[in-house]
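Here is my_file.txt, consisting of compact mmCIF, C-alpha atoms:
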# COMPACT_ATOMS: atom_id res chain seq x y z
CA MET U 1 0.00 0.00 0.00
CA ASN U 2 1.19 3.52 -0.87
CA ILE U 3 0.97 5.60 2.31
CA LYS U 4 -0.47 8.47 0.24
CA ASP U 5 -3.58 6.32 -0.25
CA SER U 6 -4.09 6.41 3.52
CA LYS U 7 -7.33 7.78 4.95
CA ILE U 8 -6.79 10.62 7.42
CA LEU U 9 -9.32 11.98 9.90
CA ILE U 10 -8.79 15.60 11.04
CA VAL U 11 -10.75 16.86 14.04
CA ASP U 12 -10.72 20.52 15.10
CA ASP U 13 -13.48 22.97 15.96
CA GLU U 14 -11.75 25.78 14.03
CA SER U 15 -12.59 25.73 10.31
CA GLU U 16 -9.44 27.69 9.44
CA ILE U 17 -7.17 25.08 11.05
CA LEU U 18 -9.06 22.25 9.32
CA ASN U 19 -8.61 23.94 5.94
CA LEU U 20 -4.91 24.67 6.51
CA LEU U 21 -4.22 21.07 7.58
CA LYS U 22 -6.18 19.73 4.61
CA ILE U 23 -4.23 21.93 2.18
CA ALA U 24 -0.90 20.92 3.75
CA LEU U 25 -1.73 17.22 3.54
CA LYS U 26 -2.99 17.48 -0.03
CA LYS U 27 0.29 19.15 -1.02
CA GLU U 28 2.00 16.01 0.28
CA GLY U 29 -0.22 13.86 -1.94
CA PHE U 30 -2.88 12.77 0.56
CA GLU U 31 -6.36 12.78 -0.97
CA ASN U 32 -8.52 10.71 1.39
CA ILE U 33 -9.13 13.30 4.11
CA TYR U 34 -12.16 13.43 6.40
CA GLU U 35 -13.01 16.41 8.61
CA ALA U 36 -14.98 16.82 11.83
CA GLN U 37 -15.54 19.79 14.14
CA THR U 38 -17.19 17.97 17.06
CA GLY U 39 -16.42 14.84 19.00
CA LYS U 40 -19.73 13.25 17.98
CA ASP U 41 -19.04 13.88 14.30
CA ALA U 42 -15.47 12.62 14.69
CA ILE U 43 -16.62 9.30 16.15
CA GLU U 44 -19.20 8.90 13.36
CA LYS U 45 -16.56 9.62 10.69
CA PHE U 46 -14.19 7.14 12.35
CA GLU U 47 -16.87 4.42 12.41
CA GLN U 48 -17.93 5.07 8.82
CA ASN U 49 -14.54 5.44 7.13
CA SER U 50 -12.01 3.41 9.18
CA PRO U 51 -9.20 5.97 8.79
CA ASP U 52 -5.52 5.00 8.88
CA LEU U 53 -4.55 7.99 11.05
CA ALA U 54 -6.35 10.59 13.16
CA ILE U 55 -5.34 14.15 14.06
CA LEU U 56 -7.34 15.26 17.10
CA ASP U 57 -7.74 18.65 18.72
CA VAL U 58 -7.86 18.27 22.50
CA MET U 59 -10.51 20.93 23.20
CA LEU U 60 -13.80 20.45 21.32
CA PRO U 61 -17.29 21.89 21.96
CA ASP U 62 -18.88 18.62 23.11
CA MET U 63 -15.97 16.52 24.41
CA GLU U 64 -12.20 16.33 24.69
CA GLY U 65 -10.00 14.76 22.06
CA TYR U 66 -8.84 12.37 24.78
CA ASP U 67 -12.33 10.82 24.78
CA ILE U 68 -12.22 10.32 21.01
CA CYS U 69 -8.82 8.67 21.36
CA LYS U 70 -10.19 6.31 24.01
CA HIS U 71 -13.03 5.38 21.66
CA ILE U 72 -10.60 4.74 18.80
CA ARG U 73 -8.37 2.59 20.98
CA LYS U 74 -11.27 0.24 21.76
CA THR U 75 -11.06 -1.16 18.23
CA SER U 76 -8.02 0.26 16.45
CA ASN U 77 -4.27 0.83 16.75
CA ILE U 78 -4.07 3.54 14.08
CA PRO U 79 -1.64 6.41 14.78
CA VAL U 80 -3.29 9.26 16.72
CA LEU U 81 -1.75 12.76 16.81
CA PHE U 82 -3.02 15.40 19.24
CA LEU U 83 -3.15 19.12 18.43
CA SER U 84 -3.46 21.41 21.42
CA ALA U 85 -2.84 24.94 22.62
CA LYS U 86 -1.88 23.36 25.91
CA GLY U 87 1.83 22.87 26.27
CA GLU U 88 2.15 21.67 29.83
CA GLU U 89 3.97 18.42 30.38
CA LEU U 90 0.97 16.91 32.21
CA ASP U 91 -1.26 17.37 29.15
CA ARG U 92 1.27 15.72 26.86
CA VAL U 93 1.75 12.84 29.28
CA MET U 94 -2.01 12.36 29.55
CA GLY U 95 -2.38 12.24 25.77
CA LEU U 96 0.38 9.69 25.37
CA ALA U 97 -0.88 7.66 28.33
CA ILE U 98 -4.29 7.08 26.76
CA GLY U 99 -2.79 5.86 23.50
CA ALA U 100 -1.69 8.84 21.40
CA ASP U 101 1.39 8.46 19.21
CA ASP U 102 2.39 12.11 19.01
CA TYR U 103 1.50 15.46 20.57
CA ILE U 104 1.81 18.75 18.67
CA THR U 105 1.44 22.10 20.43
CA LYS U 106 -0.26 25.06 18.75
CA PRO U 107 0.90 27.17 17.01
CA PHE U 108 2.60 24.63 14.77
CA SER U 109 4.30 24.39 11.40
CA LEU U 110 2.06 22.82 8.76
CA LYS U 111 5.09 21.19 7.13
CA GLU U 112 6.03 19.68 10.48
CA VAL U 113 2.54 18.25 10.95
CA ALA U 114 2.61 16.76 7.43
CA LEU U 115 6.05 15.28 8.11
CA ARG U 116 4.90 13.75 11.40
CA VAL U 117 1.87 12.28 9.64
CA LYS U 118 4.11 10.60 7.06
CA ILE U 119 6.47 9.29 9.75
CA GLN U 120 3.61 7.77 11.74
CA LEU U 121 2.02 6.19 8.67
CA LYS U 122 5.34 4.70 7.53
CA ARG U 123 6.00 3.34 11.01
CA ASN U 124 2.52 1.82 11.21
CA PHE U 125 2.89 0.32 7.74
CA MET U 126 6.22 -1.27 8.70
CA ILE U 127 4.72 -2.72 11.89
CA SER U 128 1.80 -4.10 9.87
CA GLU U 129 4.15 -5.72 7.35
CA MET U 130 6.25 -7.24 10.13
CA SER U 131 3.10 -8.66 11.72
CA LYS U 132 2.15 -10.27 8.40
CA GLU U 133 5.61 -11.81 8.11
CA VAL U 134 5.34 -13.21 11.64
CA GLU U 135 1.94 -14.71 10.79
CA GLU U 136 3.36 -16.25 7.62
CA ILE U 137 6.18 -17.80 9.64
CA LYS U 138 3.67 -19.16 12.16
CA GLU U 139 1.64 -20.68 9.32
CA LYS U 140 4.72 -22.65 8.23
CA LYS U 141 4.93 -24.28 11.66
CA LEU U 142 2.22 -26.87 12.23
CA SER U 143 1.47 -28.40 15.60
CA PHE U 144 -0.74 -31.29 16.63
CA GLY U 145 -0.51 -33.35 19.80
CA PRO U 146 3.18 -34.01 20.46
CA PHE U 147 4.13 -33.25 16.83
CA GLU U 148 5.49 -30.12 15.21
CA ILE U 149 6.45 -29.58 11.57
CA ASP U 150 8.66 -26.72 10.42
CA GLU U 151 8.11 -26.45 6.66
CA ASP U 152 11.10 -24.15 6.16
CA LYS U 153 13.47 -26.63 7.76
CA ILE U 154 11.55 -29.67 6.42
CA GLU U 155 11.70 -31.02 9.95
CA VAL U 156 9.32 -33.09 12.06
CA LYS U 157 9.55 -33.23 15.84
CA LYS U 158 7.82 -35.35 18.43
CA ASN U 159 7.97 -34.00 21.97
CA GLY U 160 10.78 -31.72 20.81
CA GLU U 161 12.87 -34.56 19.35
CA VAL U 162 13.56 -34.64 15.60
CA ILE U 163 12.11 -37.64 13.74
CA ASP U 164 14.10 -38.82 10.74
CA LEU U 165 11.62 -39.21 7.88
CA LYS U 166 12.35 -39.98 4.26
CA PRO U 167 11.01 -37.52 1.65
CA LYS U 168 7.85 -39.50 0.81
CA GLU U 169 7.17 -40.16 4.50
CA TYR U 170 7.61 -36.48 5.26
CA LYS U 171 5.24 -35.42 2.49
CA MET U 172 2.61 -37.89 3.64
CA PHE U 173 2.86 -36.81 7.27
CA LEU U 174 2.82 -33.12 6.32
CA TYR U 175 -0.38 -33.70 4.33
CA MET U 176 -1.91 -35.53 7.28
CA MET U 177 -0.93 -32.69 9.64
CA LYS U 178 -2.63 -30.20 7.33
CA HIS U 179 -5.73 -32.38 7.28
CA LYS U 180 -5.72 -33.68 10.85
CA ASN U 181 -8.88 -35.42 12.03
CA GLN U 182 -9.93 -35.87 8.39
CA ILE U 183 -10.14 -39.16 6.52
CA ILE U 184 -7.54 -39.36 3.75
CA SER U 185 -8.01 -42.06 1.14
CA LYS U 186 -5.16 -43.87 -0.57
CA GLU U 187 -6.29 -42.21 -3.80
CA LYS U 188 -5.94 -38.82 -2.13
CA PHE U 189 -2.40 -39.59 -1.02
CA CYS U 190 -1.50 -40.49 -4.60
CA ASP U 191 -3.15 -37.44 -6.15
CA GLU U 192 -2.19 -34.77 -3.63
CA VAL U 193 1.13 -36.02 -2.21
CA TRP U 194 2.82 -37.96 -4.97
CA GLY U 195 1.05 -36.64 -8.06
CA GLU U 196 0.52 -40.18 -9.31
CA ASP U 197 -2.53 -42.20 -10.32
CA PHE U 198 -3.70 -44.58 -7.63
CA PHE U 199 -3.55 -47.68 -9.86
CA GLY U 200 -0.79 -49.97 -8.64
CA PHE U 201 0.07 -47.91 -5.54
CA ASP U 202 -2.17 -49.63 -2.99
CA ASN U 203 0.61 -51.70 -1.39
CA THR U 204 3.09 -48.82 -1.63
CA ILE U 205 0.82 -46.56 0.43
CA MET U 206 0.37 -49.28 3.03
CA VAL U 207 4.14 -49.78 3.28
CA HIS U 208 4.75 -46.07 3.81
CA ILE U 209 2.02 -45.86 6.43
CA ARG U 210 3.61 -48.79 8.26
CA ARG U 211 7.03 -47.12 8.17
CA LEU U 212 5.56 -43.84 9.38
CA ARG U 213 3.94 -45.62 12.31
CA GLU U 214 7.24 -47.25 13.20
CA LYS U 215 8.80 -43.81 13.47
CA ILE U 216 6.06 -41.78 15.13
CA GLU U 217 4.01 -44.23 17.19
CA ASP U 218 4.93 -45.36 20.72
CA ASN U 219 3.49 -48.76 19.84
CA PRO U 220 3.20 -49.22 16.04
CA SER U 221 1.05 -52.35 16.45
CA LYS U 222 -1.50 -50.30 18.39
CA PRO U 223 -1.41 -46.93 16.62
CA ARG U 224 -2.57 -43.91 18.57
CA TYR U 225 -2.04 -41.27 15.92
CA ILE U 226 -2.33 -42.74 12.41
CA VAL U 227 -5.47 -44.83 12.51
CA ASN U 228 -7.26 -46.92 9.88
CA VAL U 229 -10.77 -45.98 8.87
CA LYS U 230 -11.98 -49.26 7.45
CA GLY U 231 -12.70 -49.11 3.74
CA LEU U 232 -12.04 -45.37 3.56
CA GLY U 233 -8.40 -44.63 4.35
CA TYR U 234 -6.40 -43.16 7.21
CA LYS U 235 -6.80 -40.37 9.71
CA LEU U 236 -4.32 -38.45 11.89
CA VAL U 237 -5.81 -38.20 15.39
CA ASP U 238 -4.75 -38.03 19.02
CA LYS U 239 -6.83 -40.84 20.54
CA GLU U 240 -6.12 -39.86 24.15
CA ASN U 241 -7.29 -36.25 23.69
Take the structure in the file and write it out as C-alpha cells.
Amino acid sequence: MNIKDSKILIVDDESEILNLLKIALKKEGFENIYEAQTGKDAIEKFEQNSPDLAILDVMLPDMEGYDICKHIRKTSNIPVLFLSAKGEELDRVMGLAIGADDYITKPFSLKEVALRVKIQLKRNFMISEMSKEVEEIKEKKLSFGPFEIDEDKIEVKKNGEVIDLKPKEYKMFLYMMKHKNQIISKEKFCDEVWGEDFFGFDNTIMVHIRRLREKIEDNPSKPRYIVNVKGLGYKLVDKEN
C-alpha cells in the first residue's frame, strides 16, 4: 500500500485550522481526508470510514480529544496525533498515556505536521508488514498433539525430538498434519502427495504408512495417531485427547 492512499481523519473545531491542515496534507499527496468539528461527528466519521490515522484537537465543543482517542483505541491501533494549545507536560503525558502516538502544540508548522503524519504512517505500515511476516512464519509451523512440523526446515519433531523421515514419508505426514482429524483415502495420497494415479500404488501406500507408524508411534502395532478408517483410508488423530 502507498501511504499516500491512507485515509486521514482531522478533528478541530476551528474551520481555518481544518482547511490549513487539509491543504498541507494534499500538497503532500494525501487525498482521502475526512473532517470533523465535534467529537460526535469525529466518532461517526471514524466508524464510517475506518481511517488509517487521526489528528485530534484536545478541546472540542462537546468533548475532549482524549475521549475520542479512548473510543478509537477500543477497536483500532491507528496512529493518533493530538493538536493542542496546551503545552504543559501533564497534558502531553495524559495524551500519550491514553494511547496517542504524538502530541503537537499550537501554534505549529504545517510542514512539520505533514512530516509527522508521514512518519507515523510509515511506522505503522512497517509494523503491519512485520506482523504479516510473523503470521506467515507461524503458518509454516504446524502443531498437533506431540508433533510439530517446520516447513522451512523440512523437519518433524515429536515432543521436541527430531524424527528422521524420508522424503515421501515427510510429504505424507505433512499432508496428514494439514488435514488432521480428516479421513484421507489412498487415492488422495497419490493425487495430492505424490502426483501419481492410484492404480498400482495400494501396497506402496500401506508400506509407507507402516514405516511412518514405526517412526512416530509409541506402539506401532496399536497406533494412537495414524489410525485406519476401514474401507475409507487413514486419519491423523490423538486418541487420548
9 Å contact set for Ile209 of chain U, all atoms listed in the file, chain neighbours under 5 positions out, as a PyMOL selection string
chain U and resi 169+172+204+214+226+234
Take the residues from that selection and write them out as a tab-separated table (two decimals), in the coordinates of the input, keeping C-alpha atoms.
chain	number	residue	atom	x	y	z
U	169	GLU	CA	7.17	-40.16	4.50
U	172	MET	CA	2.61	-37.89	3.64
U	204	THR	CA	3.09	-48.82	-1.63
U	214	GLU	CA	7.24	-47.25	13.20
U	226	ILE	CA	-2.33	-42.74	12.41
U	234	TYR	CA	-6.40	-43.16	7.21
So how many Å separate atom CA of Leu53 of chain U and atom CA of Leu121 of chain U, to one decimal?
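Answer for the atom CA of Leu53 of chain U to atom CA of Leu121 of chain U separation: 7.2 Å.
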Between U:Asp57, U:Glu64, U:Glu217, U:Glu14, which is the closest to Thr105 of chain U once you count all atoms listed in the file?
U:Asp57
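Between atom CA of Ile10 of chain U and atom CA of Leu56 of chain U the interatomic distance comes to 6.2 Å.
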Which residue is closest to Arg73 of chain U? Choose from U:Tyr175, U:Phe46, U:Tyr103, U:Tyr225 and count all atoms listed in the file.
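Of the candidates, the smallest distance to Arg73 of chain U is held by U:Phe46.
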Leu81 of chain U environment, 7 Å, only C-alpha atoms, sequence neighbours closer than 2 positions dropped, as a short mmCIF file (atom, residue, chain, number, x, y, z; two decimals) with C-alpha atoms, in the frame of the given file:
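So the final result, stored in selection.cif, reads:
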data_model
loop_
_atom_site.label_atom_id
_atom_site.label_comp_id
_atom_site.auth_asym_id
_atom_site.auth_seq_id
_atom_site.Cartn_x
_atom_site.Cartn_y
_atom_site.Cartn_z
CA ALA U 54 -6.35 10.59 13.16
CA ILE U 55 -5.34 14.15 14.06
CA LEU U 56 -7.34 15.26 17.10
CA PRO U 79 -1.64 6.41 14.78
CA LEU U 83 -3.15 19.12 18.43
CA ALA U 100 -1.69 8.84 21.40
CA ASP U 101 1.39 8.46 19.21
CA ASP U 102 2.39 12.11 19.01
CA TYR U 103 1.50 15.46 20.57
#
Gap from atom CA of Asp13 of chain U to atom CA of Ile78 of chain U - Å, one decimal:
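About the pair atom CA of Asp13 of chain U and atom CA of Ile78 of chain U: they are 21.7 Å apart.
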Find the residue from U:Ile183, U:Val113, U:Asp218, U:Ile127 that sits nearest to Lys158 of chain U; use all atoms listed in the file when measuring.
U:Asp218
All residues 12 Å or closer to Leu212 of chain U, all atoms listed in the file, same chain fewer than 3 positions away omitted, as a PDB file with C-alpha atoms, in the frame of the given file:
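File written: out01.pdb
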ATOM      1  CA  VAL U 156       9.320 -33.090  12.060  1.00  0.00           C
ATOM      2  CA  ILE U 163      12.110 -37.640  13.740  1.00  0.00           C
ATOM      3  CA  ASP U 164      14.100 -38.820  10.740  1.00  0.00           C
ATOM      4  CA  LEU U 165      11.620 -39.210   7.880  1.00  0.00           C
ATOM      5  CA  LYS U 166      12.350 -39.980   4.260  1.00  0.00           C
ATOM      6  CA  PRO U 167      11.010 -37.520   1.650  1.00  0.00           C
ATOM      7  CA  LYS U 168       7.850 -39.500   0.810  1.00  0.00           C
ATOM      8  CA  GLU U 169       7.170 -40.160   4.500  1.00  0.00           C
ATOM      9  CA  TYR U 170       7.610 -36.480   5.260  1.00  0.00           C
ATOM     10  CA  LYS U 171       5.240 -35.420   2.490  1.00  0.00           C
ATOM     11  CA  MET U 172       2.610 -37.890   3.640  1.00  0.00           C
ATOM     12  CA  PHE U 173       2.860 -36.810   7.270  1.00  0.00           C
ATOM     13  CA  LEU U 174       2.820 -33.120   6.320  1.00  0.00           C
ATOM     14  CA  MET U 176      -1.910 -35.530   7.280  1.00  0.00           C
ATOM     15  CA  ILE U 205       0.820 -46.560   0.430  1.00  0.00           C
ATOM     16  CA  MET U 206       0.370 -49.280   3.030  1.00  0.00           C
ATOM     17  CA  VAL U 207       4.140 -49.780   3.280  1.00  0.00           C
ATOM     18  CA  HIS U 208       4.750 -46.070   3.810  1.00  0.00           C
ATOM     19  CA  ILE U 209       2.020 -45.860   6.430  1.00  0.00           C
ATOM     20  CA  LYS U 215       8.800 -43.810  13.470  1.00  0.00           C
ATOM     21  CA  ILE U 216       6.060 -41.780  15.130  1.00  0.00           C
ATOM     22  CA  GLU U 217       4.010 -44.230  17.190  1.00  0.00           C
ATOM     23  CA  ASP U 218       4.930 -45.360  20.720  1.00  0.00           C
ATOM     24  CA  ASN U 219       3.490 -48.760  19.840  1.00  0.00           C
ATOM     25  CA  PRO U 220       3.200 -49.220  16.040  1.00  0.00           C
ATOM     26  CA  SER U 221       1.050 -52.350  16.450  1.00  0.00           C
ATOM     27  CA  PRO U 223      -1.410 -46.930  16.620  1.00  0.00           C
ATOM     28  CA  TYR U 225      -2.040 -41.270  15.920  1.00  0.00           C
ATOM     29  CA  ILE U 226      -2.330 -42.740  12.410  1.00  0.00           C
ATOM     30  CA  VAL U 227      -5.470 -44.830  12.510  1.00  0.00           C
ATOM     31  CA  LEU U 236      -4.320 -38.450  11.890  1.00  0.00           C
TER      32      LEU U 236
END
Restricting the calculation to only C-alpha atoms: of U:Ser109, U:Ser6, U:Asn77, U:Asn19, which residue gets closest to Asn49 of chain U?
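Going through U:Ser109, U:Ser6, U:Asn77, U:Asn19 one by one, the smallest distance to Asn49 of chain U is for U:Ser6.
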Contact check, segment 48-70 of chain U to segment 26-38 of chain U, at most 9 Å, counting only C-alpha atoms, closest pairs as CSV:
residue,atom,partner,partner_atom,distance
U:Asn49,CA,U:Tyr34,CA,8.4
U:Pro51,CA,U:Tyr34,CA,8.4
U:Leu60,CA,U:Thr38,CA,6.0
U:Pro61,CA,U:Thr38,CA,6.3
U:Asp62,CA,U:Thr38,CA,6.3
U:Met63,CA,U:Thr38,CA,7.6
Smallest atom-to-atom distance to Ala42 of chain U: which of U:Ser15, U:Lys178, U:Val93, U:His71, using only C-alpha atoms?
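Among the listed residues, the smallest separation from Ala42 of chain U belongs to U:His71.
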Taking into account only C-alpha atoms, which residue in the set U:Leu21, U:Asn203, U:Asp67, U:Glu155 is nearest to Cys190 of chain U?
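Looking only at the distances to Cys190 of chain U, the closest residue turns out to be U:Asn203.
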